[in-house]
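The block underneath contains the structure these notes are about, expressed in structure tokens.
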Amino acid sequence: MQRIINDPDNVVDDAIKGYLRASPSLFVATDHPRVLKYPDSPSDKVGIVTGGGSGHEPAFLGYIGEGMCDAVAIGEIFSSPTADAFLEAFRAAPHEQGVACLYGNYAGDNMNVKMAKQMAEMEDIEVKTVIARDDVASAPAAERDKRRGVAGEVMMWKIGGAAAARGDSLDEVIRLAQKAVDACSSIGVGLSSCTIPANGKPNFSIEPGHMELGIGHHGEPGIEVAPLTSAEAIATAMCDPVLADQDFAGSEVAVLISGLGATPVMELNILYAHIAERLEGADIRVHRTDIGNYFTSLEMMGATLTLMKLDDELKPLLDAPARSLAITQR
Amino acid sequence: MQVLDATQGRDILEELVEVIVDNRQYLSDVDGAIGDGDHGINMAKGFRLCGESVAGQSLSLSKALGTLATTLMGSIGGSMGPLYGSLFMGMAKSVKDKNVLDAKDFGDMLSDGREALEQISDAKVGDKCLLDTLVPAIESYRQAIEVSDDFPNALQALRNGAQQGRDSTLDLEAKIGRAARLGERSCGHLDAGAVSCCLLLTRLADSTERRLEKAAA
């Protein structure tokens with residue numbers, strides 16, 4: 001393992017120390033060591049909380065900030081934060097107008113959020129949730145409730161965060177965040193495995209010269225293992241299931257290409273050139289494109305594609321100002 | 001009639017800690033085949049923390065199990081924090097006012113743990129999860145005490161039921177957790193939660209049985 005770490009069991013806490021020192025204008029510590037909050041959230045808006053396992057940086061903490069989320073619960077690598085941590089995040093976020101907890105569909109997160117929500121009710125903090133289910137490879141459209149949440153979560157945070165920032169009510173924030181993630185279809189392709197430091201060896205294996213289409217953010221096996229081909233062919237393999245998932249033709253979309261951690265950004269752009277061509281050919285207009293490491297899986301090689309169908313309601317929220325580690329725009 | 005001294009729980013707890021910490025790598029390897037490979041790491045972390053927090057203390061079985069529950073819920077997160085946390089909390093509550101446990105009390109403790117777990121999760125037998133070990137183990141134990149109040153014999157039934165339950169997950173298709181997305185491809189692998197549950201129940205039975213013998217001697 002070639003890693004810049006101390007004790008492999010303490011990587012999450014050690015990383016939090018770095019984030020706190022590097023970005024004091026974005027992160028302040030709370031009463032819980034695994035909860036960070038944005039220091040300047042107005043107290044009279046709906047609070048936005050997210051959380052999830054570590055190893056996906058800049059998710060999840062990179063999405064707290066102005067016009068984004070207000071507090072984040074941080075779990076072990078690839079493991080849900082505790083219920084205690086989610087509860088403290090609800091307390092740390094503005095909560096007089098209620099809290100929208102926006103997270104991804106994983107068994108552990110579901111249970112811990114459910115428990116934290118019950119505990120918050122005892123303290124008269126109203127919490128409503130939106131659970132992202134945008135990974136088209138994880139279940140067919142008819143079983144959308146089984147789908148994993150992947151990079152579409154970024155869109156959910158952006159839309160929910162912008163809605164809360166302009167003063168929308170809790171119900172309205174929830175409706176819009178749900179609409180945002182419902183408008184997203186995502187897929188990943190993995191070219192190599194990843195290693196949890198405390199585990200010391202790769203989590204799964206992808207043979208050299210192969211790729212796994214539909215791979216999950218924790219290495220959950222995908223829909224097909226195939227020989228590694230050209231960027232052009234990979235773009236086609238990713239676009240096919242995404243374009244089949246929703247009727248995108250004739251509409252405007254936002255495109256998010258995220259690296260999984262170890263793929264150079266240059267290659268993400270090579271991939272995107274072919275995706276853009278394909279979208280153009282399918283009569284889909286691209287309103288905006290974001291390319292970079294937005295939602296990673298440790299040092300996995302590969303990328304995810306997220307396509308979000310836009311309308312007049314979502315577009316201004318997506319384009320609204322934001323300041324966070326992962327997304328900053330004026 | 002043989003009984004377990006329930007005023008002394010730390011030694012039993014420390015044995016549960018030991019079996020999880022010793023199997024950290026094995027549990028992660030089992031999990032790595034169809035899950036995300038963190039089961040051993042997280043379980044070992046939570047159990048080790050609990051072991052450290054109770055070192056040198058005199059604790060009843062109820063207090064020991066309660067401490068384990070709150071440590072797991074508060075420190076490991078994931079799915080296993082809430083699942084095992086509620087199981088041990090249910091067990092802790094069940095024996096709260098007991099100084100000794102007979103074979104029936106011990107069975108009630110296990111059943112109450114199961115009930116608490118089922119309150120926070122929709123998981124059921126056949127989903128390829130820890131309930132596939134827990135439920136047949138408890139049923140096997142209950143059948144044994146219906147026939148006779150022989151405590152060691154019932155503990156052997158618990159071990160047998162747990163092992164059969166664990167092995168049943170080999171051929172099951174996962175219905176819950178990350179492995180559920182694999183469908184048929186999850187077959188042929190054991191479930192990591194079912195494996196850790198079997199380790200825990202087996203060690204709990206061993207540890208209890210050894211203490212019964214002492215009590216009888």
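In the structure tokens, chains take the letters A, B, ... in the order shown, each chain's residues start at 1, and ligands count up from 1 in the order shown.
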Taking the chain letters and numbering used in this document, name the residues of segment 70-153 of chain B that DSSP puts in alpha helix (DSSP H), as JSON, numbers by chain. {"B": [70, 71, 72, 73, 74, 75, 80, 81, 82, 83, 84, 85, 86, 87, 88, 89, 90, 91, 92, 93, 94, 103, 104, 105, 106, 107, 108, 109, 110, 111, 112, 113, 114, 115, 116, 117, 118, 119, 120, 131, 132, 133, 134, 135, 136, 137, 138, 139, 140, 141, 142, 143, 144, 145, 146, 147, 151, 152, 153]}
Filtering to C-alpha atoms, could you give me those residues as a PDB file, in the first residue's frame?
```pdb
ATOM      1  CA  THR B  70     -24.227   1.842  23.065  1.00  0.00           C
ATOM      2  CA  THR B  71     -20.592   1.579  21.975  1.00  0.00           C
ATOM      3  CA  LEU B  72     -21.565  -0.149  18.737  1.00  0.00           C
ATOM      4  CA  MET B  73     -24.386   2.308  18.006  1.00  0.00           C
ATOM      5  CA  GLY B  74     -22.261   5.307  18.862  1.00  0.00           C
ATOM      6  CA  SER B  75     -18.983   4.315  17.303  1.00  0.00           C
ATOM      7  CA  MET B  80     -23.895  -3.230  11.872  1.00  0.00           C
ATOM      8  CA  GLY B  81     -23.929  -0.429  14.450  1.00  0.00           C
ATOM      9  CA  PRO B  82     -27.719  -0.188  14.546  1.00  0.00           C
ATOM     10  CA  LEU B  83     -28.339  -3.907  13.956  1.00  0.00           C
ATOM     11  CA  TYR B  84     -25.990  -5.321  16.585  1.00  0.00           C
ATOM     12  CA  GLY B  85     -26.562  -2.303  18.807  1.00  0.00           C
ATOM     13  CA  SER B  86     -30.284  -2.975  19.032  1.00  0.00           C
ATOM     14  CA  LEU B  87     -29.737  -6.748  19.413  1.00  0.00           C
ATOM     15  CA  PHE B  88     -27.458  -6.310  22.428  1.00  0.00           C
ATOM     16  CA  MET B  89     -29.620  -3.533  23.866  1.00  0.00           C
ATOM     17  CA  GLY B  90     -32.639  -5.822  23.707  1.00  0.00           C
ATOM     18  CA  MET B  91     -30.639  -8.549  25.456  1.00  0.00           C
ATOM     19  CA  ALA B  92     -29.374  -6.105  28.093  1.00  0.00           C
ATOM     20  CA  LYS B  93     -32.896  -4.916  28.914  1.00  0.00           C
ATOM     21  CA  SER B  94     -34.133  -8.486  29.115  1.00  0.00           C
ATOM     22  CA  ALA B 103     -31.931 -21.851  30.656  1.00  0.00           C
ATOM     23  CA  LYS B 104     -35.308 -20.191  30.063  1.00  0.00           C
ATOM     24  CA  ASP B 105     -34.081 -16.706  31.051  1.00  0.00           C
ATOM     25  CA  PHE B 106     -31.160 -17.114  28.689  1.00  0.00           C
ATOM     26  CA  GLY B 107     -33.530 -18.019  25.842  1.00  0.00           C
ATOM     27  CA  ASP B 108     -35.763 -15.046  26.657  1.00  0.00           C
ATOM     28  CA  MET B 109     -32.703 -12.804  26.544  1.00  0.00           C
ATOM     29  CA  LEU B 110     -31.906 -13.963  23.018  1.00  0.00           C
ATOM     30  CA  SER B 111     -35.515 -13.584  21.876  1.00  0.00           C
ATOM     31  CA  ASP B 112     -35.784 -10.077  23.320  1.00  0.00           C
ATOM     32  CA  GLY B 113     -32.607  -9.137  21.465  1.00  0.00           C
ATOM     33  CA  ARG B 114     -34.071 -10.426  18.242  1.00  0.00           C
ATOM     34  CA  GLU B 115     -37.267  -8.474  18.810  1.00  0.00           C
ATOM     35  CA  ALA B 116     -35.340  -5.228  19.331  1.00  0.00           C
ATOM     36  CA  LEU B 117     -33.368  -5.813  16.157  1.00  0.00           C
ATOM     37  CA  GLU B 118     -36.511  -6.441  14.143  1.00  0.00           C
ATOM     38  CA  GLN B 119     -37.947  -3.131  15.310  1.00  0.00           C
ATOM     39  CA  ILE B 120     -35.347  -1.122  13.416  1.00  0.00           C
ATOM     40  CA  LEU B 131     -30.947 -12.942  11.035  1.00  0.00           C
ATOM     41  CA  ASP B 132     -30.259 -16.088   9.014  1.00  0.00           C
ATOM     42  CA  THR B 133     -27.947 -17.117  11.841  1.00  0.00           C
ATOM     43  CA  LEU B 134     -29.798 -15.577  14.765  1.00  0.00           C
ATOM     44  CA  VAL B 135     -33.303 -16.867  14.143  1.00  0.00           C
ATOM     45  CA  PRO B 136     -32.534 -20.578  13.585  1.00  0.00           C
ATOM     46  CA  ALA B 137     -30.080 -20.473  16.494  1.00  0.00           C
ATOM     47  CA  ILE B 138     -32.759 -19.151  18.857  1.00  0.00           C
ATOM     48  CA  GLU B 139     -35.348 -21.582  17.504  1.00  0.00           C
ATOM     49  CA  SER B 140     -32.972 -24.495  17.949  1.00  0.00           C
ATOM     50  CA  TYR B 141     -32.278 -23.345  21.526  1.00  0.00           C
ATOM     51  CA  ARG B 142     -36.005 -23.014  22.271  1.00  0.00           C
ATOM     52  CA  GLN B 143     -36.760 -26.475  20.945  1.00  0.00           C
ATOM     53  CA  ALA B 144     -34.022 -27.889  23.159  1.00  0.00           C
ATOM     54  CA  ILE B 145     -35.377 -26.336  26.359  1.00  0.00           C
ATOM     55  CA  GLU B 146     -38.899 -27.472  25.557  1.00  0.00           C
ATOM     56  CA  VAL B 147     -37.617 -31.028  25.722  1.00  0.00           C
ATOM     57  CA  PHE B 151     -28.637 -25.838  30.002  1.00  0.00           C
ATOM     58  CA  PRO B 152     -25.459 -27.202  28.332  1.00  0.00           C
ATOM     59  CA  ASN B 153     -27.577 -29.245  25.964  1.00  0.00           C
TER      60      ASN B 153
END
```
Per-residue nearest contacts of chain B to chain A (9 Å; only C-alpha atoms) as JSON lines:
```
{"residue": "B:Gln25", "atom": "CA", "partner": "A:Asn199", "partner_atom": "CA", "distance": 7.5}
{"residue": "B:Ser28", "atom": "CA", "partner": "A:Asn199", "partner_atom": "CA", "distance": 7.4}
{"residue": "B:Asp29", "atom": "CA", "partner": "A:Asn203", "partner_atom": "CA", "distance": 8.5}
{"residue": "B:Gly32", "atom": "CA", "partner": "A:Asn203", "partner_atom": "CA", "distance": 5.6}
{"residue": "B:Ala33", "atom": "CA", "partner": "A:Phe204", "partner_atom": "CA", "distance": 7.0}
{"residue": "B:Ile34", "atom": "CA", "partner": "A:Glu220", "partner_atom": "CA", "distance": 7.3}
{"residue": "B:Gly35", "atom": "CA", "partner": "A:Glu220", "partner_atom": "CA", "distance": 6.7}
{"residue": "B:Asp36", "atom": "CA", "partner": "A:His218", "partner_atom": "CA", "distance": 5.8}
{"residue": "B:Gly37", "atom": "CA", "partner": "A:Asn203", "partner_atom": "CA", "distance": 5.8}
{"residue": "B:Asp38", "atom": "CA", "partner": "A:Asn199", "partner_atom": "CA", "distance": 7.3}
{"residue": "B:Gly40", "atom": "CA", "partner": "A:Asn199", "partner_atom": "CA", "distance": 8.6}
{"residue": "B:Ile41", "atom": "CA", "partner": "A:Ala198", "partner_atom": "CA", "distance": 6.8}
{"residue": "B:Asn42", "atom": "CA", "partner": "A:Glu76", "partner_atom": "CA", "distance": 7.9}
{"residue": "B:Lys45", "atom": "CA", "partner": "A:Asp9", "partner_atom": "CA", "distance": 8.2}
{"residue": "B:Leu72", "atom": "CA", "partner": "A:Thr82", "partner_atom": "CA", "distance": 8.9}
{"residue": "B:Met73", "atom": "CA", "partner": "A:Thr82", "partner_atom": "CA", "distance": 6.4}
{"residue": "B:Gly74", "atom": "CA", "partner": "A:Thr82", "partner_atom": "CA", "distance": 5.8}
{"residue": "B:Ser75", "atom": "CA", "partner": "A:Thr82", "partner_atom": "CA", "distance": 6.5}
{"residue": "B:Ile76", "atom": "CA", "partner": "A:Thr82", "partner_atom": "CA", "distance": 6.4}
{"residue": "B:Gly77", "atom": "CA", "partner": "A:Thr82", "partner_atom": "CA", "distance": 3.8}
{"residue": "B:Gly78", "atom": "CA", "partner": "A:Ser80", "partner_atom": "CA", "distance": 4.0}
{"residue": "B:Ser79", "atom": "CA", "partner": "A:Gly108", "partner_atom": "CA", "distance": 3.7}
{"residue": "B:Met80", "atom": "CA", "partner": "A:Gly108", "partner_atom": "CA", "distance": 7.4}
{"residue": "B:Gly81", "atom": "CA", "partner": "A:Thr82", "partner_atom": "CA", "distance": 7.2}
{"residue": "B:Pro82", "atom": "CA", "partner": "A:Asn112", "partner_atom": "CA", "distance": 6.7}
{"residue": "B:Leu83", "atom": "CA", "partner": "A:Met111", "partner_atom": "CA", "distance": 8.6}
{"residue": "B:Ile120", "atom": "CA", "partner": "A:Met111", "partner_atom": "CA", "distance": 7.0}
{"residue": "B:Ser121", "atom": "CA", "partner": "A:Met111", "partner_atom": "CA", "distance": 7.2}
{"residue": "B:Ile176", "atom": "CA", "partner": "A:Ala107", "partner_atom": "CA", "distance": 7.4}
{"residue": "B:Gly177", "atom": "CA", "partner": "A:Ala107", "partner_atom": "CA", "distance": 5.2}
{"residue": "B:Arg178", "atom": "CA", "partner": "A:Glu220", "partner_atom": "CA", "distance": 7.0}
{"residue": "B:Ala179", "atom": "CA", "partner": "A:Glu220", "partner_atom": "CA", "distance": 7.4}
{"residue": "B:Ala180", "atom": "CA", "partner": "A:Lys146", "partner_atom": "CA", "distance": 8.8}
{"residue": "B:Arg181", "atom": "CA", "partner": "A:Ser138", "partner_atom": "CA", "distance": 5.8}
{"residue": "B:Leu182", "atom": "CA", "partner": "A:Pro221", "partner_atom": "CA", "distance": 6.7}
```
For Ser53 of chain B, find every residue with an atom within 12 Å (counting only C-alpha atoms), except residues of its own chain fewer than 6 positions away, and show them as number ranges by chain. B: 10, 13-14, 17, 46-47, 59, 64, 67-68, 70-71
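Of note, atom CA of Ala132 of chain A and atom CA of Thr50 of chain A are spaced 11.1 Å apart.
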Out of A:Ile291, A:Ala22, A:Ala226, A:Leu170, which residue has the shortest atom-to-atom distance to Ile327 of chain A when counting only C-alpha atoms? A:Ile291
Tell me, in Å to one decimal, how far atom CA of Ile125 of chain A is from atom CA of Gly98 of chain A.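 Spanning atom CA of Ile125 of chain A to atom CA of Gly98 of chain A is a straight-line distance of 6.3 Å.
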All residues 12 Å or closer to Leu279 of chain A, only C-alpha atoms, same chain fewer than 3 positions away omitted, as a ChimeraX atom specification: /A:235-236,238-240,242-243,248-255,272-276,282-287,307
Tell me, as a list of chain:residue names, which residues lie within 9 Å of Leu268 of chain A, counting only C-alpha atoms; anything in the same chain fewer than 4 positions away does not count. A:Ile257, A:Ser258, A:Gly259, A:Thr263, A:Pro264, A:Tyr272, A:Ala273, A:Ile291, A:Gly292, A:Gly302, A:Ala303
Point-to-point distance from atom CA of Lys128 of chain B to atom CA of Asp135 of chain A, Å rounded to tenths: 22.7 Å
Pick from B:Ala157, B:Ala44, B:Arg185, B:Met1 nearest to Asp22 of chain B, counting only C-alpha atoms: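 Between B:Ala157, B:Ala44, B:Arg185, B:Met1, the residue approaching Asp22 of chain B most closely is B:Ala44.
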Would you please work out which residue, of A:Leu325, A:Lys117, A:Leu213, A:Thr296, is nearest to Cys69 of chain A when using only C-alpha atoms?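 Distance minimum relative to Cys69 of chain A lands on A:Leu325.
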Taking only C-alpha atoms into account, name the residue in A:Glu121, A:Glu172, A:Asp7, A:Glu88 that is nearest to Val46 of chain A.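 Smallest distance to Val46 of chain A is found for A:Glu172.
Of the listed residues A:Met301, A:Leu310, A:Met156, A:Ile48, the one whose atoms come nearest to Asp168 of chain A is A:Ile48, with distances taken using only C-alpha atoms.
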Using only C-alpha atoms, determine which residues lie at most 9 Å from Thr30 of chain A, disregarding the query and same-chain residues fewer than 4 positions distant; provide the list as a ChimeraX atom specification. /A:34-37,88-89,92
Contacts of His95 of chain A at 12 Å or less, counting only C-alpha atoms, minus same-chain residues fewer than 3 places along, as number ranges by chain? A: 41-49, 70-71, 87-92, 98-101, 120-121, 123-128, 164, 169-170
From the list B:Glu184, B:Val95, B:Thr202, B:Gly9, which residue is nearest Gly56 of chain B when using only C-alpha atoms?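 Ranked by minimum distance to Gly56 of chain B, first place goes to B:Gly9.
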Where does DSSP see strand (DSSP E) in chain B, if you list the residues as JSON, numbers by chain? {"B": [4, 5, 100, 101]}
For the selection just defined, write its residues with N, CA and C atoms to a file, as a short mmCIF file (atom, residue, chain, number, x, y, z; two decimals), in the first residue's frame.
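Generated output (again25.cif):
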```
data_model
loop_
_atom_site.label_atom_id
_atom_site.label_comp_id
_atom_site.auth_asym_id
_atom_site.auth_seq_id
_atom_site.Cartn_x
_atom_site.Cartn_y
_atom_site.Cartn_z
N LEU B 4 -26.54 -19.36 35.32
CA LEU B 4 -25.41 -18.47 35.03
C LEU B 4 -25.48 -17.29 35.98
N ASP B 5 -24.37 -16.95 36.60
CA ASP B 5 -24.30 -15.79 37.48
C ASP B 5 -24.34 -14.52 36.61
N VAL B 100 -29.33 -14.22 38.48
CA VAL B 100 -28.92 -15.48 37.84
C VAL B 100 -29.84 -15.73 36.64
N LEU B 101 -29.31 -16.44 35.66
CA LEU B 101 -30.12 -16.82 34.51
C LEU B 101 -30.22 -18.34 34.46
#
```
